[in-house]
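This is input-v8.cif. It holds mmCIF, C-alpha atoms.
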data_data
loop_
_atom_site.label_atom_id
_atom_site.label_comp_id
_atom_site.auth_asym_id
_atom_site.auth_seq_id
_atom_site.Cartn_x
_atom_site.Cartn_y
_atom_site.Cartn_z
CA MET A 1 -14.84 5.96 -13.54
CA GLY A 2 -13.42 4.08 -10.54
CA PHE A 3 -9.92 2.83 -9.83
CA ALA A 4 -10.61 -0.79 -10.87
CA GLU A 5 -12.41 0.36 -14.03
CA ASP A 6 -9.48 2.60 -14.99
CA LEU A 7 -7.08 -0.32 -14.59
CA ALA A 8 -9.32 -2.58 -16.69
CA LYS A 9 -9.43 0.02 -19.45
CA LEU A 10 -5.64 0.38 -19.44
CA SER A 11 -5.28 -3.41 -19.43
CA GLU A 12 -7.33 -3.61 -22.63
CA LYS A 13 -5.22 -0.85 -24.17
CA VAL A 14 -1.94 -2.56 -23.29
CA SER A 15 -3.20 -5.90 -24.59
CA SER A 16 -4.30 -4.45 -27.93
CA ARG A 17 -1.18 -2.32 -28.51
CA LEU A 18 1.58 -4.44 -27.03
CA ALA A 19 2.74 -5.74 -30.41
CA ILE A 20 3.01 -2.28 -32.02
CA VAL A 21 4.61 -0.28 -29.19
CA ILE A 22 8.36 -0.29 -29.82
CA GLY A 23 11.10 1.14 -27.61
CA GLU A 24 11.32 2.64 -24.16
CA GLU A 25 9.99 6.12 -24.97
CA ASN A 26 6.88 4.76 -26.67
CA THR A 27 6.34 2.36 -23.77
CA LYS A 28 6.49 5.25 -21.31
CA ALA A 29 4.04 7.36 -23.31
CA ALA A 30 1.56 4.57 -24.12
CA PHE A 31 1.62 2.44 -20.97
CA ILE A 32 3.61 3.76 -18.01
CA SER A 33 2.49 7.40 -17.85
CA PRO A 34 -1.21 6.41 -18.02
CA PHE A 35 -0.56 3.91 -15.20
CA LEU A 36 0.94 6.63 -13.01
CA SER A 37 -2.05 8.85 -13.79
CA ILE A 38 -4.39 6.12 -12.52
CA LEU A 39 -2.37 6.14 -9.30
CA GLY A 40 -3.33 9.80 -8.93
CA TYR A 41 -0.09 11.50 -10.03
CA ASP A 42 -0.26 14.46 -12.39
CA ILE A 43 2.26 13.58 -15.10
CA THR A 44 1.95 17.10 -16.56
CA ASP A 45 3.02 18.77 -13.31
CA PRO A 46 6.85 18.93 -13.12
CA THR A 47 6.72 19.55 -9.37
CA GLU A 48 4.91 16.23 -8.88
CA VAL A 49 6.24 13.98 -11.65
CA LYS A 50 9.82 14.78 -12.60
CA HIS A 51 10.61 13.17 -15.95
CA GLU A 52 14.22 12.16 -16.70
CA TYR A 53 15.23 13.18 -13.19
CA PHE A 54 18.90 13.79 -12.46
CA ALA A 55 20.30 14.44 -9.01
CA ASP A 56 23.81 15.70 -8.45
CA PHE A 57 25.26 13.66 -5.60
CA GLY A 58 28.37 15.81 -5.36
CA THR A 59 30.69 14.60 -8.16
CA PRO A 60 29.35 16.18 -11.38
CA ALA A 61 32.81 16.59 -12.87
CA LYS A 62 33.34 12.84 -12.87
CA VAL A 63 30.03 12.11 -14.58
CA LYS A 64 30.56 12.36 -18.34
CA GLN A 65 27.05 11.22 -19.27
CA PRO A 66 24.77 11.88 -16.30
CA LYS A 67 22.45 8.97 -15.72
CA LYS A 68 18.86 9.82 -15.03
CA VAL A 69 15.94 8.01 -13.50
CA ASP A 70 12.88 7.98 -15.76
CA TYR A 71 10.39 9.28 -13.19
CA ALA A 72 10.85 10.82 -9.74
CA ILE A 73 7.47 11.25 -8.06
CA ALA A 74 7.05 13.87 -5.37
CA ILE A 75 4.34 14.61 -2.82
CA ASN A 76 4.47 17.99 -1.10
CA GLY A 77 7.87 18.60 -2.67
CA ASN A 78 9.43 15.40 -1.27
CA ILE A 79 10.45 12.64 -3.67
CA VAL A 80 8.73 9.49 -2.40
CA MET A 81 8.87 7.14 -5.40
CA LEU A 82 11.34 6.43 -8.22
CA VAL A 83 10.45 4.64 -11.45
CA GLU A 84 12.86 3.04 -13.91
CA ALA A 85 11.27 2.28 -17.27
CA LYS A 86 12.12 -0.43 -19.78
CA SER A 87 10.80 -1.16 -23.24
CA CYS A 88 7.79 -3.47 -23.22
CA GLN A 89 9.95 -5.92 -25.18
CA GLU A 90 12.40 -6.15 -22.25
CA LYS A 91 12.14 -7.83 -18.87
CA PRO A 92 11.63 -5.37 -15.97
CA GLU A 93 14.96 -6.00 -14.28
CA VAL A 94 17.46 -3.73 -12.53
CA HIS A 95 20.38 -3.91 -14.96
CA ASP A 96 22.74 -1.49 -13.20
CA GLY A 97 23.06 0.45 -9.96
CA GLN A 98 21.36 3.56 -11.30
CA LEU A 99 17.98 3.16 -9.59
CA ARG A 100 19.53 1.75 -6.44
CA SER A 101 21.95 4.68 -6.18
CA TYR A 102 19.11 7.19 -6.40
CA PHE A 103 16.98 5.29 -3.89
CA ASN A 104 19.82 5.01 -1.39
CA ALA A 105 20.79 8.69 -1.73
CA ILE A 106 17.31 10.27 -1.61
CA LEU A 107 16.27 9.66 1.99
CA THR A 108 12.63 10.60 1.43
CA ALA A 109 12.25 7.95 -1.30
CA GLN A 110 10.17 5.09 0.05
CA ILE A 111 9.43 3.05 -3.07
CA SER A 112 11.24 2.26 -6.30
CA ILE A 113 9.59 0.61 -9.28
CA VAL A 114 11.06 -1.17 -12.29
CA THR A 115 8.58 -1.69 -15.12
CA ASN A 116 8.23 -2.50 -18.80
CA GLY A 117 4.69 -1.12 -18.89
CA VAL A 118 3.21 -4.59 -18.37
CA GLU A 119 4.82 -5.82 -15.16
CA TYR A 120 5.54 -3.45 -12.28
CA ARG A 121 8.02 -4.59 -9.63
CA PHE A 122 7.91 -2.66 -6.34
CA PHE A 123 10.97 -2.39 -4.09
CA THR A 124 11.61 -0.78 -0.71
CA ASP A 125 14.18 -1.09 2.10
CA LEU A 126 12.97 -3.86 4.39
CA GLU A 127 16.40 -5.42 4.95
CA ASN A 128 18.43 -2.26 5.61
CA ILE A 129 17.04 1.26 6.06
CA HIS A 130 17.68 3.52 3.03
CA ILE A 131 19.23 0.58 1.12
CA MET A 132 17.06 -0.71 -1.73
CA ASP A 133 16.25 -4.41 -1.40
CA LYS A 134 17.44 -6.78 -4.11
CA GLU A 135 14.07 -8.52 -4.34
CA ALA A 136 10.69 -6.93 -5.10
CA PHE A 137 8.07 -7.24 -2.36
CA PHE A 138 5.12 -6.80 -4.74
CA THR A 139 4.60 -7.39 -8.45
CA PHE A 140 1.64 -6.12 -10.44
CA ASN A 141 0.93 -7.33 -13.98
CA ILE A 142 -1.51 -5.12 -15.88
CA LEU A 143 -2.52 -8.09 -18.05
CA ASP A 144 -2.95 -10.59 -15.22
CA TYR A 145 -4.08 -9.34 -11.81
CA THR A 146 -6.49 -10.31 -9.04
CA PRO A 147 -8.84 -8.26 -6.81
CA LYS A 148 -6.24 -8.60 -4.04
CA ASP A 149 -3.62 -7.10 -6.37
CA ILE A 150 -5.90 -4.09 -6.90
CA GLU A 151 -6.24 -3.60 -3.14
CA ASN A 152 -2.45 -3.77 -2.75
CA LEU A 153 -1.95 -1.31 -5.60
CA LYS A 154 -4.23 1.24 -3.93
CA LEU A 155 -1.57 1.67 -1.23
CA PHE A 156 0.59 3.50 -3.79
CA HIS A 157 -2.14 5.90 -4.90
CA ARG A 158 -1.14 9.51 -4.25
CA ASP A 159 -4.00 10.05 -1.85
CA ASN A 160 -3.36 6.85 0.13
CA PHE A 161 0.44 7.05 0.23
CA ASP A 162 1.58 6.38 3.79
CA ALA A 163 5.21 5.35 4.21
CA ALA A 164 4.70 3.58 7.54
CA ARG A 165 1.74 1.57 6.29
CA ILE A 166 3.53 0.64 3.06
CA LYS A 167 6.50 -0.72 5.04
CA ASN A 168 4.12 -2.73 7.22
CA ASP A 169 2.17 -4.10 4.26
CA ALA A 170 5.35 -4.76 2.27
CA GLU A 171 6.56 -7.11 5.00
CA GLU A 172 3.15 -8.73 5.16
CA MET A 173 3.05 -9.25 1.38
CA LEU A 174 6.52 -10.78 1.43
CA TYR A 175 5.83 -13.17 4.30
CA SER A 176 2.37 -14.06 2.95
CA GLN A 177 3.89 -14.99 -0.39
CA GLY A 178 6.50 -17.18 1.30
CA ILE A 179 3.99 -18.88 3.59
CA SER A 180 1.59 -19.47 0.70
CA GLU A 181 4.33 -21.12 -1.35
CA LEU A 182 5.36 -23.20 1.65
CA ILE A 183 1.78 -24.35 2.27
CA ASP A 184 1.25 -25.10 -1.43
CA GLY A 185 4.33 -27.29 -1.38
CA LEU A 186 3.25 -29.10 1.78
CA LEU A 187 -0.23 -29.75 0.42
CA VAL A 188 1.10 -31.23 -2.81
CA SER A 189 3.98 -33.14 -1.28
CA PRO A 190 3.96 -33.29 2.55
CA SER A 191 7.49 -33.26 3.98
CA ASP A 192 8.65 -35.80 6.53
CA LYS A 193 8.72 -33.09 9.22
CA PHE A 194 5.14 -32.08 8.40
CA VAL A 195 3.93 -35.69 8.53
CA HIS A 196 5.81 -36.20 11.80
CA PHE A 197 4.14 -33.09 13.23
CA LEU A 198 0.65 -34.30 12.24
CA ILE A 199 1.21 -37.73 13.74
CA LYS A 200 2.35 -36.24 17.08
CA GLU A 201 -0.63 -33.82 17.12
CA LEU A 202 -3.32 -36.46 16.41
CA GLY A 203 -4.05 -36.93 20.08
CA THR A 204 -4.92 -33.25 20.55
CA VAL A 205 -7.99 -33.70 18.33
CA ALA A 206 -9.41 -36.52 20.43
CA PRO A 207 -7.86 -39.37 22.47
CA LYS A 208 -9.14 -41.98 20.02
CA PHE A 209 -6.94 -40.53 17.24
CA GLU A 210 -3.69 -40.70 19.22
CA PHE A 211 -0.89 -42.66 17.54
CA ARG A 212 -0.44 -45.98 19.33
CA GLY A 213 3.16 -46.64 18.41
CA ASN A 214 6.15 -46.05 20.63
CA VAL A 215 8.21 -43.98 18.19
CA VAL A 216 7.62 -42.09 14.96
CA ASN A 217 10.42 -43.37 12.72
CA ALA A 218 10.98 -43.41 8.96
CA LYS A 219 8.86 -46.52 8.54
CA VAL A 220 5.90 -44.89 10.29
CA ILE A 221 6.28 -41.69 8.28
CA ASN A 222 6.32 -43.66 5.00
CA ARG A 223 3.16 -45.44 6.10
CA PHE A 224 1.41 -42.16 6.90
CA GLN A 225 2.49 -40.28 3.74
CA PRO A 226 -0.42 -41.52 1.56
CA ILE A 227 -2.84 -41.14 4.49
CA VAL A 228 -1.84 -37.48 4.91
CA LYS A 229 -2.19 -36.81 1.18
CA ARG A 230 -5.68 -38.31 1.05
CA SER A 231 -6.68 -36.45 4.21
CA ILE A 232 -5.51 -33.14 2.72
CA GLN A 233 -7.53 -33.73 -0.43
CA THR A 234 -10.62 -34.59 1.63
CA SER A 235 -10.20 -31.51 3.82
CA LEU A 236 -9.77 -29.17 0.84
CA LEU A 237 -12.86 -30.58 -0.83
CA SER A 238 -14.82 -30.12 2.39
CA LEU A 239 -13.64 -26.53 2.75
CA ILE A 240 -14.66 -25.68 -0.80
CA THR A 241 -18.05 -27.31 -0.33
CA ARG A 242 -18.73 -25.14 2.74
CA SER A 243 -17.75 -21.99 0.81
CA VAL A 244 -14.92 -21.38 3.20
CA ASN A 245 -13.47 -18.68 0.99
CA GLN A 246 -16.41 -16.41 1.75
CA GLU A 247 -16.26 -17.27 5.44
CA MET A 248 -12.55 -16.49 5.58
CA THR A 249 -13.09 -13.15 3.84
CA HIS A 250 -15.52 -12.03 6.55
CA LEU A 251 -13.26 -13.37 9.28
CA THR A 252 -10.25 -11.56 7.87
CA LYS A 253 -12.19 -8.33 7.64
CA ASP A 254 -13.34 -8.60 11.27
CA ARG A 255 -9.83 -9.37 12.44
CA TYR A 256 -8.47 -6.47 10.45
CA PHE A 257 -10.70 -3.93 12.18
CA ALA A 258 -10.05 -5.54 15.57
CA GLY A 259 -6.30 -5.87 15.27
CA SER A 260 -4.91 -3.56 12.61
CA GLU A 261 -4.94 -0.52 14.84
CA GLN A 262 -2.49 -2.01 17.31
CA VAL A 263 -0.35 -3.65 14.61
CA GLU A 264 -0.05 -0.49 12.58
CA THR A 265 0.62 1.59 15.68
CA ASP A 266 3.45 -0.73 16.73
CA VAL A 267 5.03 -0.66 13.27
CA THR A 268 4.56 3.06 12.88
CA ASN A 269 6.25 3.76 16.21
CA GLY A 270 9.42 2.26 14.82
CA LEU A 271 9.25 4.09 11.53
CA GLU A 272 8.10 7.52 12.59
CA ASP A 273 11.42 8.43 14.18
CA GLU A 274 13.22 7.57 10.95
CA GLU A 275 10.68 9.41 8.85
CA LYS A 276 10.57 12.55 10.98
CA THR A 277 14.23 13.24 10.34
CA ASP A 278 13.26 14.13 6.77
CA VAL A 279 10.11 16.10 7.62
CA ILE A 280 9.77 19.81 8.33
CA THR A 281 6.40 20.92 9.64
CA THR A 282 5.53 24.25 8.06
CA ALA A 283 3.86 27.26 9.64
CA GLU A 284 1.01 26.80 7.16
CA GLU A 285 0.40 23.23 8.35
CA LEU A 286 0.39 24.34 11.99
CA ALA A 287 -2.04 27.17 11.19
CA ALA A 288 -4.33 24.71 9.42
CA PHE A 289 -4.18 22.37 12.43
CA ASN A 290 -5.14 25.20 14.78
CA THR A 291 -8.13 26.10 12.58
CA ILE A 292 -9.31 22.48 12.41
CA GLN A 293 -8.79 22.05 16.15
CA ALA A 294 -11.00 25.07 16.82
CA ILE A 295 -13.71 23.60 14.55
CA THR A 296 -13.68 20.22 16.30
CA LYS A 297 -14.07 21.90 19.71
CA THR A 298 -17.49 23.15 18.61
CA SER A 299 -18.80 19.59 18.58
CA THR A 300 -21.63 19.01 21.04
CA LYS A 301 -21.34 15.23 20.76
CA TYR A 302 -17.66 14.46 21.36
CA ASN A 303 -14.75 15.96 23.26
CA LEU A 304 -11.78 13.96 21.96
CA GLU A 305 -8.49 15.81 21.52
CA ILE A 306 -7.05 15.79 18.01
CA GLN A 307 -3.37 15.24 17.25
CA GLN A 308 -1.13 15.78 14.25
CA ARG A 309 1.29 13.51 12.43
CA ASP A 310 3.54 14.99 9.78
CA THR A 311 5.06 12.71 7.13
CA VAL A 312 6.97 13.23 3.92
CA SER A 313 3.77 12.81 1.92
CA TYR A 314 1.02 14.44 4.01
CA PHE A 315 0.12 16.20 7.26
CA GLY A 316 -2.29 13.91 9.09
CA ILE A 317 -4.85 14.75 11.77
CA ASN A 318 -6.12 11.97 14.03
CA LEU A 319 -7.75 11.22 17.37
CA GLY A 320 -4.69 9.97 19.23
CA ARG A 321 -3.69 7.01 17.07
CA THR A 322 -2.41 7.13 13.52
CA THR A 323 -5.10 4.68 12.43
CA TRP A 324 -7.81 6.97 13.85
CA TRP A 325 -7.19 9.66 11.23
CA PHE A 326 -9.96 11.73 9.68
CA LEU A 327 -8.08 14.32 7.61
CA ARG A 328 -4.84 14.28 5.59
CA LEU A 329 -3.60 17.63 4.29
CA TYR A 330 -1.51 18.16 1.15
CA LEU A 331 -0.34 21.78 1.34
CA SER A 332 2.34 22.25 -1.30
CA SER A 333 3.23 25.67 -2.65
CA THR A 334 1.63 24.98 -6.05
CA LYS A 335 -1.54 23.07 -5.17
CA LYS A 336 -3.51 22.42 -2.03
CA SER A 337 -6.00 19.70 -1.15
CA PHE A 338 -6.95 17.33 1.61
CA ILE A 339 -8.37 13.84 2.00
CA ALA A 340 -11.42 13.51 4.21
CA ARG A 341 -12.47 10.15 5.64
CA ILE A 342 -16.05 10.55 4.50
CA HIS A 343 -18.04 9.13 1.59
CA PRO A 344 -17.93 11.40 -1.48
CA ASP A 345 -21.73 11.66 -1.70
CA GLU A 346 -21.95 13.11 1.80
CA ALA A 347 -18.91 15.33 1.20
CA LYS A 348 -20.53 16.84 -1.90
CA ARG A 349 -23.67 17.55 0.06
CA LEU A 350 -21.76 19.29 2.86
CA ALA A 351 -19.42 21.25 0.56
CA PRO A 352 -21.32 21.98 -2.68
CA ASP A 353 -19.08 24.91 -3.66
CA PHE A 354 -15.86 22.87 -3.68
CA GLU A 355 -14.41 20.42 -6.19
CA ILE A 356 -14.61 16.93 -4.69
CA GLN A 357 -13.18 13.72 -6.15
CA ASP A 358 -13.94 10.11 -5.27
CA ILE A 359 -10.81 8.39 -4.01
CA PRO A 360 -10.42 4.59 -3.70
CA GLY A 361 -9.28 3.91 -0.17
CA VAL A 362 -7.83 0.64 1.06
CA ASN A 363 -10.12 -2.21 2.15
CA ALA A 364 -12.88 -0.92 -0.14
CA GLU A 365 -13.28 2.29 1.89
CA MET A 366 -14.30 5.31 -0.21
CA VAL A 367 -12.87 8.66 0.84
CA SER A 368 -13.04 12.18 -0.59
CA LYS A 369 -10.43 14.53 -2.00
CA ILE A 370 -11.28 18.23 -1.66
CA LYS A 371 -9.33 20.89 -3.53
CA ILE A 372 -8.81 24.25 -1.79
CA ASP A 373 -7.16 27.56 -2.69
CA SER A 374 -5.74 28.30 0.75
CA ILE A 375 -6.04 27.16 4.36
CA ASP A 376 -8.63 29.92 4.85
CA ASP A 377 -11.05 27.60 3.05
CA PHE A 378 -11.14 25.34 6.11
CA ASN A 379 -13.39 27.88 7.81
CA LYS A 380 -15.79 27.61 4.86
CA LEU A 381 -15.71 23.83 5.22
CA LYS A 382 -16.66 23.72 8.90
CA PRO A 383 -19.72 21.42 8.43
CA LEU A 384 -17.65 18.86 6.50
CA ILE A 385 -14.69 18.95 8.90
CA LEU A 386 -16.95 18.66 11.93
CA ARG A 387 -18.78 15.72 10.35
CA CYS A 388 -15.49 13.91 9.59
CA TYR A 389 -14.37 14.43 13.18
CA GLU A 390 -17.64 13.10 14.59
CA ILE A 391 -17.70 10.07 12.26
CA GLU A 392 -14.26 9.01 13.43
CA ALA A 393 -14.97 9.85 17.09
CA SER A 394 -18.11 7.67 16.99
CA LYS A 395 -15.92 4.63 16.28
CA HIS A 396 -13.98 5.03 19.52
#
Starting from the file, give its structure as structure tokens.
Amino acid sequence: MGFAEDLAKLSEKVSSRLAIVIGEENTKAAFISPFLSILGYDITDPTEVKHEYFADFGTPAKVKQPKKVDYAIAINGNIVMLVEAKSCQEKPEVHDGQLRSYFNAILTAQISIVTNGVEYRFFTDLENIHIMDKEAFFTFNILDYTPKDIENLKLFHRDNFDAARIKNDAEEMLYSQGISELIDGLLVSPSDKFVHFLIKELGTVAPKFEFRGNVVNAKVINRFQPIVKRSIQTSLLSLITRSVNQEMTHLTKDRYFAGSEQVETDVTNGLEDEEKTDVITTAEELAAFNTIQAITKTSTKYNLEIQQRDTVSYFGINLGRTTWWFLRLYLSSTKKSFIARIHPDEAKRLAPDFEIQDIPGVNAEMVSKIKIDSIDDFNKLKPLILRCYEIEASKH
């Protein structure tokens, strides 16, 4: 079952049981834990999902009743996400400084979530580094979501988790929401400044449309207000008639592939220095990189040098830019796996002796998760690794 299908199934479950699930603990068991499982986190593994997590920040004697955060989610031993749970009868609001204190103190934490099992509010630190924002940058409602919401949610999946990308997309989500609300308001009730702008720009369309008056004053703006409203309605109807939504989808996709590499690289450059202060590259990761590097050098088609990028959540291998990645390694002490940028069907054909899972990537890209026992398995996976390298190299 795919990511979207799993969400739909949970949505039906929440809808049918919402009236009979009482209290925070029941909400966590019935709604929140299954949601985290869909995001790829093993709620039965205490090294990955720490229930009722308590961190001693240095003053245990002064804490009579230690406050805990409901879930602390770790990747490769680093806590990257904190979740505060509420009863499904409550609003998902931050009532005290508990979650904020944990987020601010745990430097590897990138995301905090407040949820009542129906609505999930995602927070990060866009305003001040390591200081949890007061406003959520993304809200997901399990009973009312769109295809775009699903794509946004995939960013928080264990196998897609990338701190730099999340920060970039968090800003984009926030600004997009604000611009959308601004445009909605202008389309319904054009402001005087907006009408003034349109009047002044008429001549740029064609000389015949240029405003003939000497000055655009309040009287002129009042005259043009109904004209602008009617023109907006006509334009919207015309756009819908031409199926502009589909056209814009293709345009956006093309622009994404053309421009996202540079955008993400620019954003990542600013975040990597902050992130690297919390990252220790292990000898095991370096040994794995050396093995993979040796495999890629056997390619007879391409001779691109590979590079590494270590983060709090994974050890990435790319072709010189972070967006040109083809492998992401997860080498914790208890479990080992890696994400390969290759379709699961081809991965299963190239590595029939290994357990391979379909992973929902962002922008509808399907990638593969391969479980391994040790880094020695990379030598057994030479055909798959070489294929991943050549697929990515062929794009550049």
Edge lengths and centre in Å, axis-aligned, segment 210-215 of chain A plus 6 Å each side, as JSON:
{"center_x": 2.3, "center_y": -43.7, "center_z": 19.1, "size_x": 23.9, "size_y": 17.9, "size_z": 15.1}
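Between atom CA of Thr298 of chain A and atom CA of Pro352 of chain A there is a distance of 21.7 Å.
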For atom CA of Asp184 of chain A and atom CA of Arg230 of chain A, determine how far apart the two atoms are, in Å to one decimal place.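 Interatomic distance here is 15.1 Å.
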Picked residues, the PyMOL selection byres ((chain A and resi 153-160) around 7), as a list in words: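 Evaluating the PyMOL selection byres ((chain A and resi 153-160) around 7) on these coordinates yields Leu39, Gly40, Tyr41, Asp149, Ile150, Glu151, Asn152, Phe161, Asp162, Ile166, Ile339, Gly361 and Val362 of chain A.
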Set the distance at 8 Å and use only C-alpha atoms: which residues neighbour segment 188-204 of chain A once local chain neighbours fewer than 5 positions away are removed? I'd like the list as a PyMOL selection string. chain A and resi 209-211+216+221+224-225+228-229
Interatomic distance (Å, one decimal) between atom CA of Lys86 of chain A and atom CA of Asn116 of chain A: 4.5 Å
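Omitting His130 of chain A and its sequence neighbours fewer than 5 positions away, and counting all atoms listed in the file, the residues within 9 Å are Phe103, Asn104, Ala105, Ile106, Leu107, Thr108, Ala109, Gln110, Thr124 and Asp125 of chain A.
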Could you tell me which of A:Leu36, A:Asp310, A:Asn214, A:Leu304 comes closest to Phe3 of chain A if we count all atoms listed in the file?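 Among A:Leu36, A:Asp310, A:Asn214, A:Leu304, it is A:Leu36 that comes nearest to Phe3 of chain A.
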Taking (-12.9, 8.0, 3.6) in the file's coordinates, which residues come within 12 Å, counting all atoms listed in the file, written as a PDB file with C-alpha atoms, in the coordinates of the input?
ATOM      1  CA  ASP A 159      -4.000  10.050  -1.850  1.00  0.00           C
ATOM      2  CA  ASN A 160      -3.360   6.850   0.130  1.00  0.00           C
ATOM      3  CA  TRP A 324      -7.810   6.970  13.850  1.00  0.00           C
ATOM      4  CA  TRP A 325      -7.190   9.660  11.230  1.00  0.00           C
ATOM      5  CA  PHE A 326      -9.960  11.730   9.680  1.00  0.00           C
ATOM      6  CA  LEU A 327      -8.080  14.320   7.610  1.00  0.00           C
ATOM      7  CA  ARG A 328      -4.840  14.280   5.590  1.00  0.00           C
ATOM      8  CA  PHE A 338      -6.950  17.330   1.610  1.00  0.00           C
ATOM      9  CA  ILE A 339      -8.370  13.840   2.000  1.00  0.00           C
ATOM     10  CA  ALA A 340     -11.420  13.510   4.210  1.00  0.00           C
ATOM     11  CA  ARG A 341     -12.470  10.150   5.640  1.00  0.00           C
ATOM     12  CA  ILE A 342     -16.050  10.550   4.500  1.00  0.00           C
ATOM     13  CA  HIS A 343     -18.040   9.130   1.590  1.00  0.00           C
ATOM     14  CA  PRO A 344     -17.930  11.400  -1.480  1.00  0.00           C
ATOM     15  CA  ASP A 345     -21.730  11.660  -1.700  1.00  0.00           C
ATOM     16  CA  GLU A 346     -21.950  13.110   1.800  1.00  0.00           C
ATOM     17  CA  ALA A 347     -18.910  15.330   1.200  1.00  0.00           C
ATOM     18  CA  GLN A 357     -13.180  13.720  -6.150  1.00  0.00           C
ATOM     19  CA  ASP A 358     -13.940  10.110  -5.270  1.00  0.00           C
ATOM     20  CA  ILE A 359     -10.810   8.390  -4.010  1.00  0.00           C
ATOM     21  CA  PRO A 360     -10.420   4.590  -3.700  1.00  0.00           C
ATOM     22  CA  GLY A 361      -9.280   3.910  -0.170  1.00  0.00           C
ATOM     23  CA  VAL A 362      -7.830   0.640   1.060  1.00  0.00           C
ATOM     24  CA  ASN A 363     -10.120  -2.210   2.150  1.00  0.00           C
ATOM     25  CA  ALA A 364     -12.880  -0.920  -0.140  1.00  0.00           C
ATOM     26  CA  GLU A 365     -13.280   2.290   1.890  1.00  0.00           C
ATOM     27  CA  MET A 366     -14.300   5.310  -0.210  1.00  0.00           C
ATOM     28  CA  VAL A 367     -12.870   8.660   0.840  1.00  0.00           C
ATOM     29  CA  SER A 368     -13.040  12.180  -0.590  1.00  0.00           C
ATOM     30  CA  LYS A 369     -10.430  14.530  -2.000  1.00  0.00           C
ATOM     31  CA  ILE A 370     -11.280  18.230  -1.660  1.00  0.00           C
ATOM     32  CA  ARG A 387     -18.780  15.720  10.350  1.00  0.00           C
ATOM     33  CA  CYS A 388     -15.490  13.910   9.590  1.00  0.00           C
ATOM     34  CA  TYR A 389     -14.370  14.430  13.180  1.00  0.00           C
ATOM     35  CA  ILE A 391     -17.700  10.070  12.260  1.00  0.00           C
ATOM     36  CA  GLU A 392     -14.260   9.010  13.430  1.00  0.00           C
TER      37      GLU A 392
END
Could you list, as a compact mmCIF listing (two decimals) with C-alpha atoms, in the frame of the given file, every residue within 12 Å of Pro34 of chain A, counting all atoms listed in the file and ignoring same-chain residues fewer than 4 positions away?
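And here is the file that came out, selection.txt:
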# COMPACT_ATOMS: atom_id res chain seq x y z
CA ASP A 6 -9.48 2.60 -14.99
CA LEU A 7 -7.08 -0.32 -14.59
CA LYS A 9 -9.43 0.02 -19.45
CA LEU A 10 -5.64 0.38 -19.44
CA SER A 11 -5.28 -3.41 -19.43
CA LYS A 13 -5.22 -0.85 -24.17
CA VAL A 14 -1.94 -2.56 -23.29
CA ASN A 26 6.88 4.76 -26.67
CA THR A 27 6.34 2.36 -23.77
CA LYS A 28 6.49 5.25 -21.31
CA ALA A 29 4.04 7.36 -23.31
CA ALA A 30 1.56 4.57 -24.12
CA ILE A 38 -4.39 6.12 -12.52
CA LEU A 39 -2.37 6.14 -9.30
CA GLY A 40 -3.33 9.80 -8.93
CA TYR A 41 -0.09 11.50 -10.03
CA ASP A 42 -0.26 14.46 -12.39
CA ILE A 43 2.26 13.58 -15.10
CA THR A 44 1.95 17.10 -16.56
CA GLY A 117 4.69 -1.12 -18.89
CA VAL A 118 3.21 -4.59 -18.37
CA ILE A 142 -1.51 -5.12 -15.88
Counting only C-alpha atoms, find the residues whose atoms lie at most 12 Å from (17.0, -2.4, -3.9) (file coordinates) and write them out as a PyMOL selection string. chain A and resi 82+93-105+109-114+121-137
Would you mind exporting C-alpha atoms of the selected residues as a tab-separated table (two decimals), keeping the file's coordinate frame?
chain	number	residue	atom	x	y	z
A	82	LEU	CA	11.34	6.43	-8.22
A	93	GLU	CA	14.96	-6.00	-14.28
A	94	VAL	CA	17.46	-3.73	-12.53
A	95	HIS	CA	20.38	-3.91	-14.96
A	96	ASP	CA	22.74	-1.49	-13.20
A	97	GLY	CA	23.06	0.45	-9.96
A	98	GLN	CA	21.36	3.56	-11.30
A	99	LEU	CA	17.98	3.16	-9.59
A	100	ARG	CA	19.53	1.75	-6.44
A	101	SER	CA	21.95	4.68	-6.18
A	102	TYR	CA	19.11	7.19	-6.40
A	103	PHE	CA	16.98	5.29	-3.89
A	104	ASN	CA	19.82	5.01	-1.39
A	105	ALA	CA	20.79	8.69	-1.73
A	109	ALA	CA	12.25	7.95	-1.30
A	110	GLN	CA	10.17	5.09	0.05
A	111	ILE	CA	9.43	3.05	-3.07
A	112	SER	CA	11.24	2.26	-6.30
A	113	ILE	CA	9.59	0.61	-9.28
A	114	VAL	CA	11.06	-1.17	-12.29
A	121	ARG	CA	8.02	-4.59	-9.63
A	122	PHE	CA	7.91	-2.66	-6.34
A	123	PHE	CA	10.97	-2.39	-4.09
A	124	THR	CA	11.61	-0.78	-0.71
A	125	ASP	CA	14.18	-1.09	2.10
A	126	LEU	CA	12.97	-3.86	4.39
A	127	GLU	CA	16.40	-5.42	4.95
A	128	ASN	CA	18.43	-2.26	5.61
A	129	ILE	CA	17.04	1.26	6.06
A	130	HIS	CA	17.68	3.52	3.03
A	131	ILE	CA	19.23	0.58	1.12
A	132	MET	CA	17.06	-0.71	-1.73
A	133	ASP	CA	16.25	-4.41	-1.40
A	134	LYS	CA	17.44	-6.78	-4.11
A	135	GLU	CA	14.07	-8.52	-4.34
A	136	ALA	CA	10.69	-6.93	-5.10
A	137	PHE	CA	8.07	-7.24	-2.36
From the options A:Thr311, A:Thr291, A:Cys88, A:Lys336, which residue's atoms come nearest to Ile20 of chain A, counting all atoms listed in the file?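 With all atoms listed in the file as the atom set, the closest residue is A:Cys88.
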Determine the residue membership of the PyMOL selection byres ((chain A and resi 379) around 10) for the file above and supply it as a list in words.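 Answer for the PyMOL selection byres ((chain A and resi 379) around 10): Ala288, Thr291, Ile292, Ala294, Ile295, Ile375, Asp376, Asp377, Phe378, Lys380, Leu381, Lys382, Pro383 and Ile385 of chain A.
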